[in-house]
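File shown here: protein_14.cif, holding mmCIF, C-alpha atoms.
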data_my_file
#
loop_
_atom_site.label_atom_id
_atom_site.label_comp_id
_atom_site.auth_asym_id
_atom_site.auth_seq_id
_atom_site.Cartn_x
_atom_site.Cartn_y
_atom_site.Cartn_z
CA MET A 164 0.00 0.00 0.00
CA ARG A 165 2.81 2.40 0.87
CA LEU A 166 4.50 1.70 -2.45
CA ALA A 167 1.28 2.47 -4.31
CA VAL A 168 0.87 5.77 -2.45
CA LEU A 169 4.50 6.67 -3.12
CA VAL A 170 4.13 5.82 -6.82
CA LEU A 171 0.88 7.79 -6.99
CA MET A 172 2.46 10.82 -5.26
CA THR A 173 5.52 10.63 -7.47
CA GLY A 174 3.31 10.52 -10.52
CA LEU A 175 1.24 13.49 -9.36
CA PHE A 176 4.02 15.66 -7.97
CA GLY A 177 7.17 14.34 -9.64
CA GLY A 178 9.65 16.12 -11.84
CA ALA A 179 9.04 19.75 -12.68
CA ALA A 180 5.72 19.75 -10.86
CA LEU A 181 7.63 20.07 -7.56
CA ALA A 182 9.32 23.30 -8.62
CA ALA A 183 7.54 26.45 -7.52
CA PRO A 184 6.29 28.61 -10.33
CA PRO A 185 8.53 31.62 -10.96
CA SER A 186 7.41 34.67 -9.05
CA PRO A 187 7.45 38.12 -10.56
CA ALA A 188 10.48 40.26 -9.65
CA LEU A 189 9.84 42.17 -6.47
CA PRO A 190 11.30 45.59 -5.76
CA PRO A 191 13.97 45.72 -3.05
CA GLN A 192 12.45 45.73 0.42
CA PRO A 193 13.55 47.78 3.44
CA PRO A 194 15.28 45.94 6.29
CA LYS A 195 12.98 44.14 8.71
CA GLU A 196 13.72 43.10 12.26
CA VAL A 197 12.78 39.49 12.96
CA SER A 198 13.33 38.12 16.47
CA GLY A 199 16.23 40.48 17.17
CA LEU A 200 17.86 39.92 13.77
CA THR A 201 17.87 42.57 11.08
CA VAL A 202 17.24 41.27 7.57
CA TYR A 203 18.51 43.50 4.78
CA GLY A 204 16.64 43.42 1.51
CA ARG A 205 18.60 46.00 -0.47
CA THR A 206 21.71 45.00 -2.31
CA ASP A 207 21.81 47.78 -4.89
CA PRO A 208 24.33 50.55 -4.20
CA PRO A 209 22.95 53.73 -2.59
CA LYS A 210 22.40 56.66 -4.92
CA VAL A 211 22.35 60.39 -4.19
CA THR A 212 18.78 61.65 -4.68
CA ALA A 213 19.23 65.26 -3.54
CA SER A 214 21.89 67.68 -2.41
CA TYR A 215 22.26 71.25 -1.27
CA PRO A 216 23.59 72.95 -3.13
CA LYS A 217 22.29 71.15 -6.20
CA ALA A 218 24.87 70.05 -8.74
CA GLY A 219 25.76 73.04 -10.92
CA GLN A 220 23.96 75.56 -8.70
CA ALA A 221 25.29 79.10 -8.31
CA MET A 222 24.66 80.36 -4.79
CA PRO A 223 25.68 83.22 -2.50
CA ALA A 224 28.91 82.70 -0.58
CA GLY A 225 28.94 82.39 3.20
CA VAL A 226 28.07 79.73 5.76
CA LEU A 227 26.84 76.59 4.05
CA ILE A 228 25.27 73.47 5.49
CA LEU A 229 26.03 71.02 2.73
CA THR A 230 23.41 68.24 2.54
CA VAL A 231 23.57 64.97 0.67
CA THR A 232 20.53 62.67 0.68
CA PHE A 233 20.66 59.03 -0.39
CA ASP A 234 17.82 56.73 -1.48
CA GLN A 235 18.51 54.26 1.35
CA LYS A 236 19.25 54.19 5.08
CA MET A 237 22.96 54.79 5.57
CA LEU A 238 25.66 53.99 8.12
CA ALA A 239 26.32 57.01 10.33
CA ASN A 240 30.08 56.53 10.58
CA ALA A 241 30.82 55.69 6.94
CA PHE A 242 31.67 58.61 4.68
CA ASP A 243 34.31 59.85 2.25
CA ILE A 244 34.30 63.51 1.16
CA GLY A 245 37.29 65.08 -0.53
CA PRO A 246 38.27 67.55 -3.21
CA GLY A 247 36.77 66.85 -6.62
CA GLU A 248 37.96 67.68 -10.11
CA GLY A 249 36.94 71.03 -11.54
CA GLY A 250 36.91 73.09 -8.37
CA GLU A 251 38.25 73.73 -4.90
CA MET A 252 37.21 71.97 -1.73
CA PRO A 253 35.22 74.33 0.53
CA ASN A 254 36.43 74.84 4.07
CA CYS A 255 34.38 72.19 5.95
CA LEU A 256 34.33 70.36 9.23
CA LYS A 257 36.01 66.96 9.09
CA THR A 258 32.95 64.83 9.92
CA PRO A 259 29.43 64.99 8.46
CA ARG A 260 26.43 64.15 10.62
CA LEU A 261 23.68 61.72 9.63
CA LEU A 262 20.24 63.16 10.35
CA ASP A 263 17.35 61.29 11.97
CA ASP A 264 15.90 60.23 8.60
CA GLY A 265 18.92 57.91 8.26
CA LYS A 266 19.47 59.05 4.66
CA THR A 267 20.67 62.67 4.83
CA PHE A 268 24.15 63.81 5.81
CA VAL A 269 24.85 67.44 6.78
CA LEU A 270 28.28 69.06 6.80
CA LEU A 271 29.12 72.58 7.97
CA CYS A 272 31.22 74.52 5.43
CA THR A 273 32.10 78.08 4.51
CA THR A 274 32.48 79.36 0.97
CA ASP A 275 34.11 82.43 -0.57
CA PRO A 276 32.63 84.65 -3.30
CA HIS A 277 33.12 83.90 -7.00
CA LYS A 278 34.61 80.43 -6.63
CA ALA A 279 34.05 77.04 -8.24
CA TYR A 280 33.80 74.18 -5.72
CA ALA A 281 33.83 70.42 -6.29
CA LEU A 282 33.48 67.66 -3.71
CA ALA A 283 34.16 64.01 -4.48
CA LEU A 284 31.99 61.50 -2.61
CA ASN A 285 33.52 58.02 -2.23
CA ALA A 286 36.52 58.85 -4.40
CA LYS A 287 38.76 56.46 -2.46
CA PRO A 288 38.72 52.84 -3.68
CA GLN A 289 37.36 51.47 -0.38
CA GLY A 290 35.19 52.63 2.48
CA GLY A 291 33.08 55.74 2.37
CA PHE A 292 29.32 56.22 2.26
CA ALA A 293 27.53 52.88 2.61
CA ASN A 294 24.00 51.69 3.35
CA ILE A 295 23.12 49.79 6.52
CA ALA A 296 23.80 46.53 4.70
CA GLU A 297 27.33 47.90 4.09
CA HIS A 298 26.89 48.25 0.33
CA ARG A 299 29.08 51.14 -0.79
CA ALA A 300 27.60 54.09 -2.70
CA GLU A 301 28.99 54.71 -6.16
CA PRO A 302 31.54 57.55 -6.42
CA THR A 303 30.10 60.88 -7.52
CA THR A 304 31.11 64.53 -7.65
CA LEU A 305 29.10 67.52 -6.45
CA ALA A 306 30.17 70.76 -8.16
CA PHE A 307 28.71 74.23 -7.59
CA THR A 308 29.76 77.87 -7.77
CA THR A 309 29.37 80.92 -5.56
CA THR A 310 28.35 84.42 -6.50
CA ASP A 311 28.71 87.31 -4.07
CA GLY A 312 29.19 87.13 -0.31
CA ASP A 313 25.57 87.86 0.65
CA GLY A 314 24.80 84.34 1.90
CA PRO A 315 24.19 83.22 5.48
CA ARG A 316 26.73 84.42 8.04
CA SER A 317 25.82 82.08 10.89
CA ILE A 318 24.69 78.52 11.46
CA PRO A 319 21.13 79.56 12.44
CA GLU A 320 20.88 81.66 9.25
CA ALA A 321 22.16 78.72 7.17
CA LEU A 322 19.67 76.33 8.81
CA LYS A 323 16.83 78.75 8.02
CA ALA A 324 18.02 79.33 4.41
CA GLU A 325 17.94 75.59 3.76
CA ASN A 326 14.65 74.92 5.60
CA LEU A 327 16.44 72.75 8.15
CA ARG A 328 15.29 72.45 11.75
CA PRO A 329 17.48 73.40 14.72
CA ILE A 330 17.66 69.67 15.51
CA ASP A 331 19.41 69.20 12.12
CA MET A 332 22.49 71.01 13.45
CA PRO A 333 25.54 69.90 11.41
CA ILE A 334 27.82 69.80 14.44
CA GLN A 335 28.08 66.48 16.24
CA THR A 336 28.57 66.26 19.94
CA ASP A 337 30.84 63.57 21.25
CA PRO A 338 29.03 61.80 24.11
CA ASP A 339 32.33 60.41 25.39
CA ALA A 340 34.18 63.78 25.45
CA ASP A 341 33.19 64.63 29.03
CA ARG A 342 34.10 61.12 30.21
CA ARG A 343 37.51 61.26 28.48
CA THR A 344 38.24 64.68 29.99
CA THR A 345 37.29 63.46 33.47
CA VAL A 346 39.40 60.28 33.11
CA ALA A 347 42.39 62.25 31.77
CA ALA A 348 42.17 64.77 34.62
CA ALA A 349 41.89 62.00 37.21
CA SER A 350 44.82 60.05 35.82
CA SER A 351 47.24 62.97 35.42
CA PRO A 352 49.61 63.66 38.29
CA ALA A 353 48.70 66.50 40.61
CA HIS A 354 50.84 69.61 40.30
CA PRO A 355 52.14 71.07 43.60
#
Could you take the file, read its structure, and then write that structure out as structure tokens?
Amino acid sequence: MRLAVLVLMTGLFGGAALAAPPSPALPPQPPKEVSGLTVYGRTDPPKVTASYPKAGQAMPAGVLILTVTFDQKMLANAFDIGPGEGGEMPNCLKTPRLLDDGKTFVLLCTTDPHKAYALALNAKPQGGFANIAEHRAEPTTLAFTTTDGDGPRSIPEALKAENLRPIDMPIQTDPDADRRTTVAAASSPAHP
């Protein structure tokens, strides 16, 4: 009897009938947390979807909060910004800050009047901007020019000019700075 059932099942479900029908291609899915594990669905490299200034834009010189927005959630501590071809590197802080949306980086810079600027993103062969699945963004260059010096002269003015909120401040605070200062002071010898 078992042999007959096995033969019958093999005849009904054998060969190609066991293979699942092909499913239509699904768009990449955002990461999902399952029982404490994060499952990453995106394997395509992140792409820049917006920037301020926009590529090729002419803008007033002054305080600039450079913004770069990607199409995916990004790692906060992975970035590579350097001088690009066709222009100077503006005077910027060393480290950009990732905003709460997880996709937009802000970087405090200053620009001079009547200059051409170019920033290379991910110009180095390794490292740099990467999504939360650690897929590296493709290298790109952001070039813009400045006109006169009538742009923002302070960080609050620059935040307002770019419709950013005060919480989007481009300056990062180091939560360990106070602890390191306290430890260093405690471990240094007392001076008579």
Requested in this report: I need the residue set behind the PyMOL selection byres ((chain A and resi 278) around 8) for this file; please write it as a VMD selection string.
Outcome: chain A and resid 250 to 251 274 to 277 279 to 280 308 to 310
Written selection (C-alpha atoms) as a PDB file, in the frame of the given file:
ATOM      1  CA  GLY A 250      36.910  73.090  -8.370  1.00  0.00           C
ATOM      2  CA  GLU A 251      38.250  73.730  -4.900  1.00  0.00           C
ATOM      3  CA  THR A 274      32.480  79.360   0.970  1.00  0.00           C
ATOM      4  CA  ASP A 275      34.110  82.430  -0.570  1.00  0.00           C
ATOM      5  CA  PRO A 276      32.630  84.650  -3.300  1.00  0.00           C
ATOM      6  CA  HIS A 277      33.120  83.900  -7.000  1.00  0.00           C
ATOM      7  CA  ALA A 279      34.050  77.040  -8.240  1.00  0.00           C
ATOM      8  CA  TYR A 280      33.800  74.180  -5.720  1.00  0.00           C
ATOM      9  CA  THR A 308      29.760  77.870  -7.770  1.00  0.00           C
ATOM     10  CA  THR A 309      29.370  80.920  -5.560  1.00  0.00           C
ATOM     11  CA  THR A 310      28.350  84.420  -6.500  1.00  0.00           C
TER      12      THR A 310
END
Hits of the PyMOL selection byres ((chain A and resi 290-301) around 12) in this structure, as a PDB file with C-alpha atoms, in the frame of the given file:
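Final output, saved to expr.pdb:
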ATOM      1  CA  PRO A 193      13.550  47.780   3.440  1.00  0.00           C
ATOM      2  CA  PRO A 194      15.280  45.940   6.290  1.00  0.00           C
ATOM      3  CA  LYS A 195      12.980  44.140   8.710  1.00  0.00           C
ATOM      4  CA  THR A 201      17.870  42.570  11.080  1.00  0.00           C
ATOM      5  CA  VAL A 202      17.240  41.270   7.570  1.00  0.00           C
ATOM      6  CA  TYR A 203      18.510  43.500   4.780  1.00  0.00           C
ATOM      7  CA  GLY A 204      16.640  43.420   1.510  1.00  0.00           C
ATOM      8  CA  ARG A 205      18.600  46.000  -0.470  1.00  0.00           C
ATOM      9  CA  THR A 206      21.710  45.000  -2.310  1.00  0.00           C
ATOM     10  CA  ASP A 207      21.810  47.780  -4.890  1.00  0.00           C
ATOM     11  CA  PRO A 208      24.330  50.550  -4.200  1.00  0.00           C
ATOM     12  CA  PRO A 209      22.950  53.730  -2.590  1.00  0.00           C
ATOM     13  CA  LYS A 210      22.400  56.660  -4.920  1.00  0.00           C
ATOM     14  CA  VAL A 211      22.350  60.390  -4.190  1.00  0.00           C
ATOM     15  CA  THR A 212      18.780  61.650  -4.680  1.00  0.00           C
ATOM     16  CA  VAL A 231      23.570  64.970   0.670  1.00  0.00           C
ATOM     17  CA  THR A 232      20.530  62.670   0.680  1.00  0.00           C
ATOM     18  CA  PHE A 233      20.660  59.030  -0.390  1.00  0.00           C
ATOM     19  CA  ASP A 234      17.820  56.730  -1.480  1.00  0.00           C
ATOM     20  CA  GLN A 235      18.510  54.260   1.350  1.00  0.00           C
ATOM     21  CA  LYS A 236      19.250  54.190   5.080  1.00  0.00           C
ATOM     22  CA  MET A 237      22.960  54.790   5.570  1.00  0.00           C
ATOM     23  CA  LEU A 238      25.660  53.990   8.120  1.00  0.00           C
ATOM     24  CA  ALA A 239      26.320  57.010  10.330  1.00  0.00           C
ATOM     25  CA  ASN A 240      30.080  56.530  10.580  1.00  0.00           C
ATOM     26  CA  ALA A 241      30.820  55.690   6.940  1.00  0.00           C
ATOM     27  CA  PHE A 242      31.670  58.610   4.680  1.00  0.00           C
ATOM     28  CA  ASP A 243      34.310  59.850   2.250  1.00  0.00           C
ATOM     29  CA  ILE A 244      34.300  63.510   1.160  1.00  0.00           C
ATOM     30  CA  GLY A 245      37.290  65.080  -0.530  1.00  0.00           C
ATOM     31  CA  THR A 258      32.950  64.830   9.920  1.00  0.00           C
ATOM     32  CA  PRO A 259      29.430  64.990   8.460  1.00  0.00           C
ATOM     33  CA  ARG A 260      26.430  64.150  10.620  1.00  0.00           C
ATOM     34  CA  LEU A 261      23.680  61.720   9.630  1.00  0.00           C
ATOM     35  CA  GLY A 265      18.920  57.910   8.260  1.00  0.00           C
ATOM     36  CA  LYS A 266      19.470  59.050   4.660  1.00  0.00           C
ATOM     37  CA  THR A 267      20.670  62.670   4.830  1.00  0.00           C
ATOM     38  CA  PHE A 268      24.150  63.810   5.810  1.00  0.00           C
ATOM     39  CA  ALA A 283      34.160  64.010  -4.480  1.00  0.00           C
ATOM     40  CA  LEU A 284      31.990  61.500  -2.610  1.00  0.00           C
ATOM     41  CA  ASN A 285      33.520  58.020  -2.230  1.00  0.00           C
ATOM     42  CA  ALA A 286      36.520  58.850  -4.400  1.00  0.00           C
ATOM     43  CA  LYS A 287      38.760  56.460  -2.460  1.00  0.00           C
ATOM     44  CA  PRO A 288      38.720  52.840  -3.680  1.00  0.00           C
ATOM     45  CA  GLN A 289      37.360  51.470  -0.380  1.00  0.00           C
ATOM     46  CA  PRO A 302      31.540  57.550  -6.420  1.00  0.00           C
ATOM     47  CA  THR A 303      30.100  60.880  -7.520  1.00  0.00           C
ATOM     48  CA  THR A 304      31.110  64.530  -7.650  1.00  0.00           C
TER      49      THR A 304
END
Requested in this report: List the residues selected by the PyMOL selection byres ((chain A and resi 315) around 8) in the file shown, writing them as a PyMOL selection string.
Outcome: chain A and resi 224-227+313-314+316-318+320-321+324
**Report entry** Contacts of Asn254 in chain A within 9 Å, all atoms listed in the file, excl. fewer than 6 positions in-chain, as a list in words
**Finding:** Leu271, Cys272, Thr273 and Thr274 of chain A
For the residues in that selection, give me C-alpha atoms as a short mmCIF file (atom, residue, chain, number, x, y, z; two decimals), in the coordinates of the input.
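That gives us again_24.cif:
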data_model
loop_
_atom_site.label_atom_id
_atom_site.label_comp_id
_atom_site.auth_asym_id
_atom_site.auth_seq_id
_atom_site.Cartn_x
_atom_site.Cartn_y
_atom_site.Cartn_z
CA LEU A 271 29.12 72.58 7.97
CA CYS A 272 31.22 74.52 5.43
CA THR A 273 32.10 78.08 4.51
CA THR A 274 32.48 79.36 0.97
#
Query raised in the report: What separation in Å, quoted to one decimal, exists between CA of Met252 in chain A and CA of Ala213 in chain A?
Result: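 Rounded to one decimal, the two atoms are 19.3 Å apart.
CA of Gly219 in chain A is found 21.2 Å from CA of Leu327 in chain A.
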Requested in this report: Have a look at CA of Asp263 in chain A and CA of Leu322 in chain A and let me know their distance in Å, one decimal.
Outcome: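 Interatomic distance here is 15.5 Å.
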Report task. For each of A:Lys217, A:Asp331, A:Ile228, A:Pro319, take the minimum atom-to-atom distance to Leu256 in chain A, counting all atoms listed in the file, then give the residue where this is smallest. Result ->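 Residue with the minimum atom-to-atom distance to Leu256 in chain A: A:Ile228.
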**Report entry** Counting all atoms listed in the file, the option among A:Pro253, A:Pro329, A:Pro216, A:Gly312 closest to Thr230 in chain A
**Finding:**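 Looking only at the distances to Thr230 in chain A, the closest residue turns out to be A:Pro216.
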Could range 270-303 of chain A be completed with N, CA and C atoms and written as a compact mmCIF listing (two decimals), in the coordinates of the input, please?
# COMPACT_ATOMS: atom_id res chain seq x y z
N LEU A 270 26.88 68.72 6.55
CA LEU A 270 28.28 69.06 6.80
C LEU A 270 28.41 70.58 6.79
N LEU A 271 28.95 71.14 7.85
CA LEU A 271 29.12 72.58 7.97
C LEU A 271 30.35 73.02 7.17
N CYS A 272 30.14 74.00 6.28
CA CYS A 272 31.22 74.52 5.43
C CYS A 272 31.10 76.04 5.35
N THR A 273 32.16 76.68 4.88
CA THR A 273 32.10 78.08 4.51
C THR A 273 32.63 78.20 3.09
N THR A 274 32.07 79.15 2.35
CA THR A 274 32.48 79.36 0.97
C THR A 274 32.84 80.83 0.76
N ASP A 275 33.69 81.07 -0.21
CA ASP A 275 34.11 82.43 -0.57
C ASP A 275 33.39 82.85 -1.86
N PRO A 276 33.30 84.17 -2.10
CA PRO A 276 32.63 84.65 -3.30
C PRO A 276 33.38 84.29 -4.58
N HIS A 277 32.62 84.10 -5.62
CA HIS A 277 33.12 83.90 -7.00
C HIS A 277 34.14 82.77 -7.10
N LYS A 278 33.75 81.62 -6.59
CA LYS A 278 34.61 80.43 -6.63
C LYS A 278 33.84 79.26 -7.24
N ALA A 279 34.61 78.32 -7.78
CA ALA A 279 34.05 77.04 -8.24
C ALA A 279 34.49 75.98 -7.22
N TYR A 280 33.52 75.22 -6.71
CA TYR A 280 33.80 74.18 -5.72
C TYR A 280 33.41 72.82 -6.28
N ALA A 281 34.14 71.80 -5.88
CA ALA A 281 33.83 70.42 -6.29
C ALA A 281 34.20 69.49 -5.15
N LEU A 282 33.25 68.65 -4.77
CA LEU A 282 33.48 67.66 -3.71
C LEU A 282 33.30 66.28 -4.30
N ALA A 283 34.25 65.40 -4.04
CA ALA A 283 34.16 64.01 -4.48
C ALA A 283 33.61 63.17 -3.33
N LEU A 284 32.57 62.42 -3.60
CA LEU A 284 31.99 61.50 -2.61
C LEU A 284 32.43 60.09 -2.98
N ASN A 285 33.02 59.39 -2.04
CA ASN A 285 33.52 58.02 -2.23
C ASN A 285 34.56 57.93 -3.35
N ALA A 286 35.47 58.87 -3.39
CA ALA A 286 36.52 58.85 -4.40
C ALA A 286 37.59 57.79 -4.10
N LYS A 287 37.77 57.48 -2.82
CA LYS A 287 38.76 56.46 -2.46
C LYS A 287 38.24 55.09 -2.90
N PRO A 288 39.15 54.14 -3.17
CA PRO A 288 38.72 52.84 -3.68
C PRO A 288 37.94 51.98 -2.68
N GLN A 289 38.07 52.26 -1.39
CA GLN A 289 37.36 51.47 -0.38
C GLN A 289 36.79 52.39 0.68
N GLY A 290 35.80 51.86 1.40
CA GLY A 290 35.19 52.63 2.48
C GLY A 290 34.27 53.70 1.93
N GLY A 291 33.93 54.63 2.77
CA GLY A 291 33.08 55.74 2.37
C GLY A 291 31.61 55.49 2.66
N PHE A 292 30.76 56.32 2.05
CA PHE A 292 29.32 56.22 2.26
C PHE A 292 28.83 54.82 1.91
N ALA A 293 28.04 54.23 2.81
CA ALA A 293 27.53 52.88 2.61
C ALA A 293 26.17 52.76 3.29
N ASN A 294 25.31 51.90 2.73
CA ASN A 294 24.00 51.69 3.35
C ASN A 294 24.15 50.78 4.56
N ILE A 295 23.04 50.56 5.28
CA ILE A 295 23.12 49.79 6.52
C ILE A 295 23.45 48.33 6.28
N ALA A 296 23.36 47.88 5.04
CA ALA A 296 23.80 46.53 4.70
C ALA A 296 25.27 46.53 4.25
N GLU A 297 25.92 47.69 4.41
CA GLU A 297 27.33 47.90 4.09
C GLU A 297 27.64 47.81 2.60
N HIS A 298 26.66 48.15 1.76
CA HIS A 298 26.89 48.25 0.33
C HIS A 298 27.31 49.70 0.04
N ARG A 299 28.45 49.84 -0.56
CA ARG A 299 29.08 51.14 -0.79
C ARG A 299 28.36 51.92 -1.90
N ALA A 300 28.17 53.22 -1.68
CA ALA A 300 27.60 54.09 -2.70
C ALA A 300 28.61 54.29 -3.82
N GLU A 301 28.11 54.47 -5.03
CA GLU A 301 28.99 54.71 -6.16
C GLU A 301 29.63 56.09 -6.04
N PRO A 302 30.89 56.24 -6.48
CA PRO A 302 31.54 57.55 -6.42
C PRO A 302 30.78 58.57 -7.28
N THR A 303 30.74 59.79 -6.79
CA THR A 303 30.10 60.88 -7.52
C THR A 303 30.76 62.19 -7.13
